[in-house]
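A quick write-up on the structure given underneath.
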Amino acid sequence: MTSLRIILHDQLSDNISSLEGLDSSSDIILMPELLGWAAAVKHHKKKLVLLFSAMRHFANQLQDKKINVVYIKIEDNILSLKDAVLELKKQYEVDRIIITKPSEYSLWQDAQKLNEISELEIREDTRFLASTSFFINWAEGRKSLLMEYFYRSLRVKYDILMEGKKPVGGKWNYDASNRKPPKSGLEVPKPFSIEPDEITKNVIATVETKFPNHFGNIKGFHFAVTRSDALLALDNFINNRLVLFGDYQDAMVTGEAWMYHSHISFYLNCGLLLPLECINLAVDFYNKGSAPLNAVEGFVRQILGWREFVRGIYWFKMPQYKELNYFGANRNLPSFYWDGNTDMNCLSQCVNETYDNAYAHHIQRLMVLGNFALIAGINPQEVNDWFLVVYADAYEWVELPNVSGMILFADGGYLASKPYAAGGSYINKMSDYCRGCKYKVSEKNGGNACPFNYLYWDFLSRNRDKLIKNHRIGMMYKIFDRMDEKKKNAILHDSEKFLDSLF
Ligand SMILES: Cc1cc2nc3c(=O)[nH]c(=O)nc-3n(C[C@H](O)[C@H](O)[C@H](O)COP(=O)(O)OP(=O)(O)OC[C@H]3O[C@@H](n4cnc5c(N)ncnc54)[C@H](O)[C@@H]3O)c2cc1C
Ligand code: SF4
């Protein structure tokens, strides 16, 4: 019996469920670089290089183990999964197809169509720590979901940072000790970087020619494209940056795109790293006394908590989740999201770093790029489209809940208990961006005022009926209502003028 086992661009793990029970004497592995997938979204060029190069390295490693791999390159112009299988069937007899459930809804739909060709088995993606059924059991019947409780249930399930039934140190969450503003003179260690080998150089050339209009700077590609190098990147984080990860998790510094973050989402999301090994390495480091609990617990929570939580929500709520627009936000995305051409220094810095690196850290995505999209009332579809294009770690399963749920509150509070709306003072506290800005963060309205300041109130005013009863943000209306009419009118007038000037 010949099984055709398919491995997609983000399934590059030896322990992927589609390989379980592999019979290397008869089975065939199909690894397709799909043109339909690559061109449907104008992915950052560095993301395409990362994935195609990592796929090619992974295929070589399988072939070294004498496994029969049929590899379809992007130059072969095969559009869909079905086309790829039909192409392969011109040469091989296949009795059944085995695939691990694709991470994104549309590819999952494509995969289901393969049963028109042969007997089909779609297997659970066991690399995640919470299966979709575990999440559904936990979530069903709850009106709104709190990540914190979900995270605690996984801490117990996997016995991570636990002392018996209690969390290590007595608390589940050490965020109160995290998130310090950046000190001047911080010496941030350099991120992991590796020179492209011949395979990667070839992929860079192909992506340049085949996808010239995609977003992003392809120069300076330095990501790992093999598991062994991804493990070195993880090691680099654990040894050099984990200690200060918690302290500077929210800090943003001009010229320091990478800060103390781990930069492993690209590898986790395509399978070169596995979530539990990253968590265990950080916990071991804590157990050796090499990193403080606030840093390690914070890092563990991002992977065990947030990453699993957003994936659970995605599969629980798709496909409706994509259509949600609680505030009825309908403005177009301003062009500066693509070219960084704006006098707002924070936005310009974050867009330019995104363009160069296919990376921005969480607070840049949340409190600068996301916060602006929220308070300016940008249509969720346009914001989602942008976030899916620009990051090397972007896949709809993780991007959509973060954008529609976390930053835009488009789901009406299912994922987050309040919108992360903020004026300029938060950005000023956590970064040095305001010092280099044309606008004055201390001014609340008028031509020189920081646009975040008046847009924040304008956002609250526009959405009063939807937010006044929110227990975490509703009290802000008391402050707004106490402002004199002249000031309120100035805020609304400045907002209208500013927003009109953008489009
Ligand atoms: C608007 C917005 C869009 C986002 N889009 C994506 C995306 O497309 N892909 C993606 O992987 N992450 C996304 N995130 C989450 C987070 O910003 C990135 O995972 C993180 O910045 C990646 O950098 P890092 O590896 O240095 O993470 P670190 O800060 O070092 O965190 C460690 C790991 O925790 C996980 N993690 C942390 N926060 C989240 C989160 N909110 N959701 C899911 N996983 C998390 C990631 O796997 C990350 O690698 C988004 C966040 C926001 C606010
Ligand atoms: S003043 Fe406002 S627009 Fe300028 S960098 Fe600060 S927060 Fe951004």
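Chains: A, B, ... in order of the structure tokens. Residues: from 1 per chain. Ligands: from 1, in order shown.
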
For ligand 1, return the neighbouring residues as a JSON list (two decimals) with C-alpha atoms, in the first residue's frame (distance at most 7 Å; only C-alpha atoms and all ligand atoms).
```json
[["chain", "number", "residue", "atom", "x", "y", "z"],
["A", 249, "GLN", "CA", 9.05, 43.28, 27.31],
["A", 261, "HIS", "CA", 12.53, 39.32, 22.77],
["A", 262, "SER", "CA", 13.18, 35.77, 21.61],
["A", 263, "HIS", "CA", 12.59, 36.12, 17.83],
["A", 264, "ILE", "CA", 11.49, 32.51, 17.61],
["A", 265, "SER", "CA", 7.91, 32.91, 16.36],
["A", 266, "PHE", "CA", 9.09, 32.37, 12.76],
["A", 268, "LEU", "CA", 7.80, 27.91, 16.05],
["A", 269, "ASN", "CA", 5.17, 28.67, 13.44],
["A", 299, "PHE", "CA", 8.08, 33.91, 28.43],
["A", 302, "GLN", "CA", 3.44, 33.87, 25.86],
["A", 303, "ILE", "CA", 3.92, 30.40, 24.41],
["A", 306, "TRP", "CA", -1.25, 33.29, 24.39],
["A", 307, "ARG", "CA", -0.07, 31.16, 21.49],
["A", 310, "VAL", "CA", -5.34, 32.39, 20.05],
["A", 360, "ALA", "CA", 8.29, 44.00, 15.04],
["A", 361, "HIS", "CA", 7.94, 43.01, 18.65],
["A", 362, "HIS", "CA", 4.63, 42.59, 20.41],
["A", 363, "ILE", "CA", 4.28, 46.07, 21.85],
["A", 365, "ARG", "CA", 2.38, 45.64, 16.94],
["A", 366, "LEU", "CA", -0.08, 46.19, 19.80],
["A", 370, "GLY", "CA", -2.52, 48.27, 16.32],
["A", 387, "PHE", "CA", -0.69, 42.17, 9.38],
["A", 388, "LEU", "CA", -0.84, 38.98, 7.34],
["A", 391, "TYR", "CA", 5.56, 39.60, 9.30],
["A", 393, "ASP", "CA", 5.62, 34.77, 11.55],
["A", 394, "ALA", "CA", 2.22, 35.70, 10.08],
["A", 395, "TYR", "CA", -0.34, 32.93, 9.59],
["A", 396, "GLU", "CA", -4.02, 33.55, 9.78],
["A", 398, "VAL", "CA", -2.36, 33.54, 14.98],
["A", 399, "GLU", "CA", -2.64, 36.86, 13.14],
["A", 402, "ASN", "CA", -4.46, 39.05, 17.59],
["A", 403, "VAL", "CA", -5.73, 41.66, 15.14],
["A", 406, "MET", "CA", -6.71, 41.81, 20.67],
["A", 407, "ILE", "CA", -6.10, 45.08, 18.89]]
```

**OP:** Mind checking which residues fall within 9 Å of segment 50-55 of chain A, counting only C-alpha atoms, ignoring those fewer than 3 positions away in the same chain, and posting them as an NGL selection string?
**Re:** :A and (7-12 or 31-33 or 45-47 or 58-60 or 73-74 or 199-204 or 221 or 223-227 or 266 or 270 or 272 or 392)

Kindly export the residues of the current selection with C-alpha atoms, as a JSON list (two decimals), in the first residue's frame.
```
[["chain", "number", "residue", "atom", "x", "y", "z"],
["A", 7, "ILE", "CA", 4.16, 18.24, 4.23],
["A", 8, "LEU", "CA", 3.22, 21.90, 3.90],
["A", 9, "HIS", "CA", 5.42, 24.98, 4.31],
["A", 10, "ASP", "CA", 4.69, 25.30, 8.04],
["A", 11, "GLN", "CA", 4.86, 21.60, 8.91],
["A", 12, "LEU", "CA", 8.64, 21.25, 8.94],
["A", 31, "MET", "CA", 6.42, 18.87, -0.42],
["A", 32, "PRO", "CA", 4.86, 21.56, -2.59],
["A", 33, "GLU", "CA", 5.80, 25.24, -2.75],
["A", 45, "LYS", "CA", 9.84, 38.69, 0.83],
["A", 46, "LYS", "CA", 11.86, 37.51, 3.84],
["A", 47, "LYS", "CA", 8.98, 35.25, 4.89],
["A", 58, "PHE", "CA", 13.95, 19.81, 5.28],
["A", 59, "ALA", "CA", 13.38, 17.86, 2.06],
["A", 60, "ASN", "CA", 17.13, 17.27, 1.71],
["A", 73, "LYS", "CA", 9.44, 24.24, -6.48],
["A", 74, "ILE", "CA", 7.76, 27.61, -6.79],
["A", 199, "ILE", "CA", 20.17, 27.01, -1.12],
["A", 200, "THR", "CA", 19.04, 30.20, 0.58],
["A", 201, "LYS", "CA", 20.90, 32.37, -1.94],
["A", 202, "ASN", "CA", 19.07, 30.61, -4.77],
["A", 203, "VAL", "CA", 15.74, 31.12, -3.05],
["A", 204, "ILE", "CA", 16.52, 34.81, -2.52],
["A", 221, "PHE", "CA", 18.30, 37.89, 5.32],
["A", 223, "PHE", "CA", 17.17, 33.79, 9.72],
["A", 224, "ALA", "CA", 17.82, 30.16, 10.53],
["A", 225, "VAL", "CA", 16.42, 27.80, 7.89],
["A", 226, "THR", "CA", 17.22, 24.48, 9.53],
["A", 227, "ARG", "CA", 16.20, 22.98, 12.83],
["A", 266, "PHE", "CA", 9.09, 32.37, 12.76],
["A", 270, "CYS", "CA", 6.84, 26.73, 10.62],
["A", 272, "LEU", "CA", 11.58, 24.19, 13.14],
["A", 392, "ALA", "CA", 7.62, 36.47, 8.80]]
```

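For the residues A:Ile427, A:Val69, A:Leu231, A:Leu62, ranking by smallest atom-to-atom distance to ligand 2 using only C-alpha atoms and all ligand atoms places A:Ile427 first.
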
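Close contacts of segment 323-328 of chain A, defined as residues with an atom at most 8 Å away when counting only C-alpha atoms, with chain neighbours fewer than 4 positions off set aside, comprise Pro319, Asn379, Pro380, Gln381, Ser404, Phe409, Ala410, Asp411, Gly412, Asn463 and Lys466 of chain A.
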
Write the residues you've just listed into a file as a short mmCIF file (atom, residue, chain, number, x, y, z; two decimals), in the first residue's frame, and include C-alpha atoms for each of them.
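So again-v7.cif came out as:
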```cif
data_model
loop_
_atom_site.label_atom_id
_atom_site.label_comp_id
_atom_site.auth_asym_id
_atom_site.auth_seq_id
_atom_site.Cartn_x
_atom_site.Cartn_y
_atom_site.Cartn_z
CA PRO A 319 -15.01 31.21 9.59
CA ASN A 379 -11.68 48.58 8.72
CA PRO A 380 -10.69 45.22 10.33
CA GLN A 381 -10.40 43.49 6.96
CA SER A 404 -9.51 41.29 15.25
CA PHE A 409 -11.91 44.48 19.65
CA ALA A 410 -13.82 43.54 16.49
CA ASP A 411 -15.23 40.50 18.29
CA GLY A 412 -16.88 42.73 20.90
CA ASN A 463 -18.18 54.23 20.41
CA LYS A 466 -20.58 50.07 22.87
#
```

Please report as a Markdown table every residue of chain A lying within 6 Å of ligand 2, along with the nearest atom pair and their distance in Å (one decimal), using only C-alpha atoms and all ligand atoms.
```
| residue | atom | partner | partner_atom_place_in_ligand_line | distance |
| --- | --- | --- | --- | --- |
| A:Met344 | CA | ligand 2 | 3 (S) | 4.0 |
| A:Asn345 | CA | ligand 2 | 5 (S) | 4.4 |
| A:Cys346 | CA | ligand 2 | 5 (S) | 4.2 |
| A:Gly424 | CA | ligand 2 | 7 (S) | 3.9 |
| A:Ile427 | CA | ligand 2 | 7 (S) | 5.2 |
| A:Asn428 | CA | ligand 2 | 6 (Fe) | 5.6 |
| A:Tyr433 | CA | ligand 2 | 5 (S) | 4.6 |
| A:Cys434 | CA | ligand 2 | 6 (Fe) | 3.5 |
| A:Cys437 | CA | ligand 2 | 4 (Fe) | 4.6 |
| A:Tyr439 | CA | ligand 2 | 1 (S) | 4.7 |
| A:Lys440 | CA | ligand 2 | 1 (S) | 4.9 |
| A:Val441 | CA | ligand 2 | 1 (S) | 4.0 |
| A:Cys450 | CA | ligand 2 | 2 (Fe) | 4.0 |
| A:Pro451 | CA | ligand 2 | 3 (S) | 5.9 |
| A:Phe452 | CA | ligand 2 | 2 (Fe) | 5.7 |
```

Produce a file of the selected residues containing C-alpha atoms, as a PDB file, in the first residue's frame.
```pdb
ATOM      1  CA  MET A 344       4.274  60.327  13.578  1.00  0.00           C
ATOM      2  CA  ASN A 345       7.697  59.043  14.542  1.00  0.00           C
ATOM      3  CA  CYS A 346       6.484  55.968  16.439  1.00  0.00           C
ATOM      4  CA  GLY A 424       0.509  59.085  23.334  1.00  0.00           C
ATOM      5  CA  ILE A 427       4.148  55.277  23.945  1.00  0.00           C
ATOM      6  CA  ASN A 428       6.129  58.096  25.507  1.00  0.00           C
ATOM      7  CA  TYR A 433      10.079  57.754  19.962  1.00  0.00           C
ATOM      8  CA  CYS A 434       8.387  60.972  21.100  1.00  0.00           C
ATOM      9  CA  CYS A 437       8.710  63.385  16.719  1.00  0.00           C
ATOM     10  CA  TYR A 439       4.256  66.228  17.345  1.00  0.00           C
ATOM     11  CA  LYS A 440       4.232  67.085  21.045  1.00  0.00           C
ATOM     12  CA  VAL A 441       3.092  64.231  23.229  1.00  0.00           C
ATOM     13  CA  CYS A 450       0.191  64.103  19.349  1.00  0.00           C
ATOM     14  CA  PRO A 451      -2.593  62.604  17.192  1.00  0.00           C
ATOM     15  CA  PHE A 452      -2.878  59.606  19.528  1.00  0.00           C
TER      16      PHE A 452
END
```

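When only C-alpha atoms are used to compute distances to Lys444 of chain A, the closest of the residues A:Asp64, A:Glu87, A:Asp14, A:Asp458 turns out to be A:Asp458.
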
Original post:
Could you write out, as a PyMOL selection string, all the residues of segment 28-215 of chain A that DSSP marks as alpha helix (DSSP H)?
Top reply: chain A and resi 35-40+45-64+81-89+105-112+132-139+147-158+198-210

Could you save those same residues with C-alpha atoms as an mmCIF file, in the first residue's frame?
```cif
data_model
loop_
_atom_site.group_PDB
_atom_site.id
_atom_site.type_symbol
_atom_site.label_atom_id
_atom_site.label_comp_id
_atom_site.auth_asym_id
_atom_site.auth_seq_id
_atom_site.Cartn_x
_atom_site.Cartn_y
_atom_site.Cartn_z
ATOM 1 C CA LEU A 35 2.063 29.382 -6.046
ATOM 2 C CA GLY A 36 -1.598 29.900 -5.115
ATOM 3 C CA TRP A 37 -0.653 30.242 -1.444
ATOM 4 C CA ALA A 38 2.447 32.360 -2.112
ATOM 5 C CA ALA A 39 0.709 34.844 -4.392
ATOM 6 C CA ALA A 40 -2.707 35.091 -2.686
ATOM 7 C CA LYS A 45 9.844 38.689 0.832
ATOM 8 C CA LYS A 46 11.861 37.507 3.839
ATOM 9 C CA LYS A 47 8.978 35.250 4.886
ATOM 10 C CA LEU A 48 8.928 33.578 1.470
ATOM 11 C CA VAL A 49 12.698 33.112 1.580
ATOM 12 C CA LEU A 50 12.508 31.629 5.068
ATOM 13 C CA LEU A 51 9.787 29.139 4.191
ATOM 14 C CA PHE A 52 11.004 27.996 0.791
ATOM 15 C CA SER A 53 14.579 27.662 1.977
ATOM 16 C CA ALA A 54 13.522 25.833 5.164
ATOM 17 C CA MET A 55 11.337 23.501 3.072
ATOM 18 C CA ARG A 56 14.207 22.714 0.715
ATOM 19 C CA HIS A 57 16.571 21.989 3.611
ATOM 20 C CA PHE A 58 13.946 19.813 5.282
ATOM 21 C CA ALA A 59 13.383 17.859 2.057
ATOM 22 C CA ASN A 60 17.132 17.270 1.713
ATOM 23 C CA GLN A 61 17.280 15.918 5.253
ATOM 24 C CA LEU A 62 14.456 13.470 4.514
ATOM 25 C CA GLN A 63 16.138 12.385 1.294
ATOM 26 C CA ASP A 64 19.369 11.810 3.228
ATOM 27 C CA LEU A 81 -2.669 21.343 -3.251
ATOM 28 C CA LYS A 82 -4.979 19.410 -5.531
ATOM 29 C CA ASP A 83 -2.940 20.354 -8.604
ATOM 30 C CA ALA A 84 0.220 19.238 -6.798
ATOM 31 C CA VAL A 85 -1.241 15.814 -6.006
ATOM 32 C CA LEU A 86 -2.584 15.396 -9.550
ATOM 33 C CA GLU A 87 0.860 16.240 -10.903
ATOM 34 C CA LEU A 88 2.439 13.611 -8.679
ATOM 35 C CA LYS A 89 -0.155 11.046 -9.680
ATOM 36 C CA TYR A 105 -8.749 27.613 7.354
ATOM 37 C CA SER A 106 -8.501 28.026 3.577
ATOM 38 C CA LEU A 107 -5.736 25.431 3.220
ATOM 39 C CA TRP A 108 -7.754 23.095 5.426
ATOM 40 C CA GLN A 109 -10.650 23.477 3.014
ATOM 41 C CA ASP A 110 -8.280 22.722 0.121
ATOM 42 C CA ALA A 111 -6.969 19.664 1.918
ATOM 43 C CA GLN A 112 -10.493 18.292 2.350
ATOM 44 C CA THR A 132 -8.796 21.899 19.369
ATOM 45 C CA SER A 133 -11.105 19.609 21.356
ATOM 46 C CA PHE A 134 -9.328 20.522 24.627
ATOM 47 C CA PHE A 135 -9.929 24.179 23.832
ATOM 48 C CA ILE A 136 -13.549 23.686 22.848
ATOM 49 C CA ASN A 137 -14.267 21.756 26.062
ATOM 50 C CA TRP A 138 -12.714 24.565 28.047
ATOM 51 C CA ALA A 139 -14.372 27.417 26.130
ATOM 52 C CA MET A 147 -6.502 33.707 28.663
ATOM 53 C CA GLU A 148 -5.204 33.675 32.238
ATOM 54 C CA TYR A 149 -7.458 30.782 33.309
ATOM 55 C CA PHE A 150 -6.774 28.818 30.141
ATOM 56 C CA TYR A 151 -3.054 29.297 30.730
ATOM 57 C CA ARG A 152 -3.341 28.056 34.297
ATOM 58 C CA SER A 153 -5.100 24.909 33.142
ATOM 59 C CA LEU A 154 -2.198 24.186 30.773
ATOM 60 C CA ARG A 155 0.385 24.910 33.478
ATOM 61 C CA VAL A 156 -1.285 22.203 35.557
ATOM 62 C CA LYS A 157 -1.775 19.799 32.638
ATOM 63 C CA TYR A 158 1.904 19.959 31.651
ATOM 64 C CA GLU A 198 23.745 28.297 -1.437
ATOM 65 C CA ILE A 199 20.174 27.011 -1.120
ATOM 66 C CA THR A 200 19.037 30.197 0.579
ATOM 67 C CA LYS A 201 20.905 32.367 -1.938
ATOM 68 C CA ASN A 202 19.070 30.611 -4.769
ATOM 69 C CA VAL A 203 15.740 31.117 -3.047
ATOM 70 C CA ILE A 204 16.517 34.809 -2.516
ATOM 71 C CA ALA A 205 17.168 35.173 -6.256
ATOM 72 C CA THR A 206 13.932 33.344 -7.124
ATOM 73 C CA VAL A 207 11.816 35.392 -4.719
ATOM 74 C CA GLU A 208 13.358 38.603 -6.088
ATOM 75 C CA THR A 209 12.383 37.693 -9.650
ATOM 76 C CA LYS A 210 9.081 35.962 -9.031
#
```

Subject >> Per-residue DSSP, segment 120-176 of chain A, filtered to strand (DSSP E), as a list of chain:residue names >> reply: A:Leu120, A:Glu121, A:Ile122, A:Arg123, A:Met162, A:Glu163, A:Lys166, A:Pro167

Let's have the selection written as a tab-separated table (two decimals), in the first residue's frame, with N, CA and C atoms.
```
chain	number	residue	atom	x	y	z
A	120	LEU	N	-8.55	9.69	2.03
A	120	LEU	CA	-7.84	10.80	2.68
A	120	LEU	C	-7.90	10.68	4.19
A	121	GLU	N	-6.75	10.91	4.83
A	121	GLU	CA	-6.72	10.97	6.30
A	121	GLU	C	-6.12	12.31	6.71
A	122	ILE	N	-6.92	13.12	7.42
A	122	ILE	CA	-6.38	14.39	7.94
A	122	ILE	C	-6.14	14.20	9.43
A	123	ARG	N	-4.89	14.36	9.83
A	123	ARG	CA	-4.54	14.09	11.23
A	123	ARG	C	-4.44	15.38	12.03
A	162	MET	N	5.35	24.44	38.42
A	162	MET	CA	4.40	24.08	39.48
A	162	MET	C	5.16	23.47	40.66
A	163	GLU	N	4.64	23.73	41.88
A	163	GLU	CA	5.12	23.01	43.07
A	163	GLU	C	3.90	22.28	43.61
A	166	LYS	N	0.43	24.06	43.36
A	166	LYS	CA	0.58	25.52	43.43
A	166	LYS	C	1.61	26.02	42.43
A	167	PRO	N	1.42	27.24	41.94
A	167	PRO	CA	2.43	27.79	41.02
A	167	PRO	C	3.73	28.10	41.76
```

Subject >> Using only C-alpha atoms: which of A:Ala373, A:Leu467, A:Val368, A:Ile238 has the shortest distance to Pro292 of chain A >> reply: A:Ile238

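In this structure, atom CA of Cys350 of chain A sits 17.1 Å away from atom CA of Ser425 of chain A.
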
**OP:** Grab the atom CA of Phe285 of chain A to atom CA of His222 of chain A distance for me, in Å with one decimal place.
**Re:** 26.0 Å

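Among A:Val188, A:Leu145, A:Val283, A:Val243, the residue with the shortest atom-to-atom distance to Phe316 of chain A, counting only C-alpha atoms, is A:Leu145.
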
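Residue neighbourhood of Glu256 of chain A, excluding near-sequence residues (fewer than 5 positions): Leu186, Glu187, Val188, Pro189, Lys190, Ala251 and Glu353 of chain A, at 10 Å, using only C-alpha atoms.
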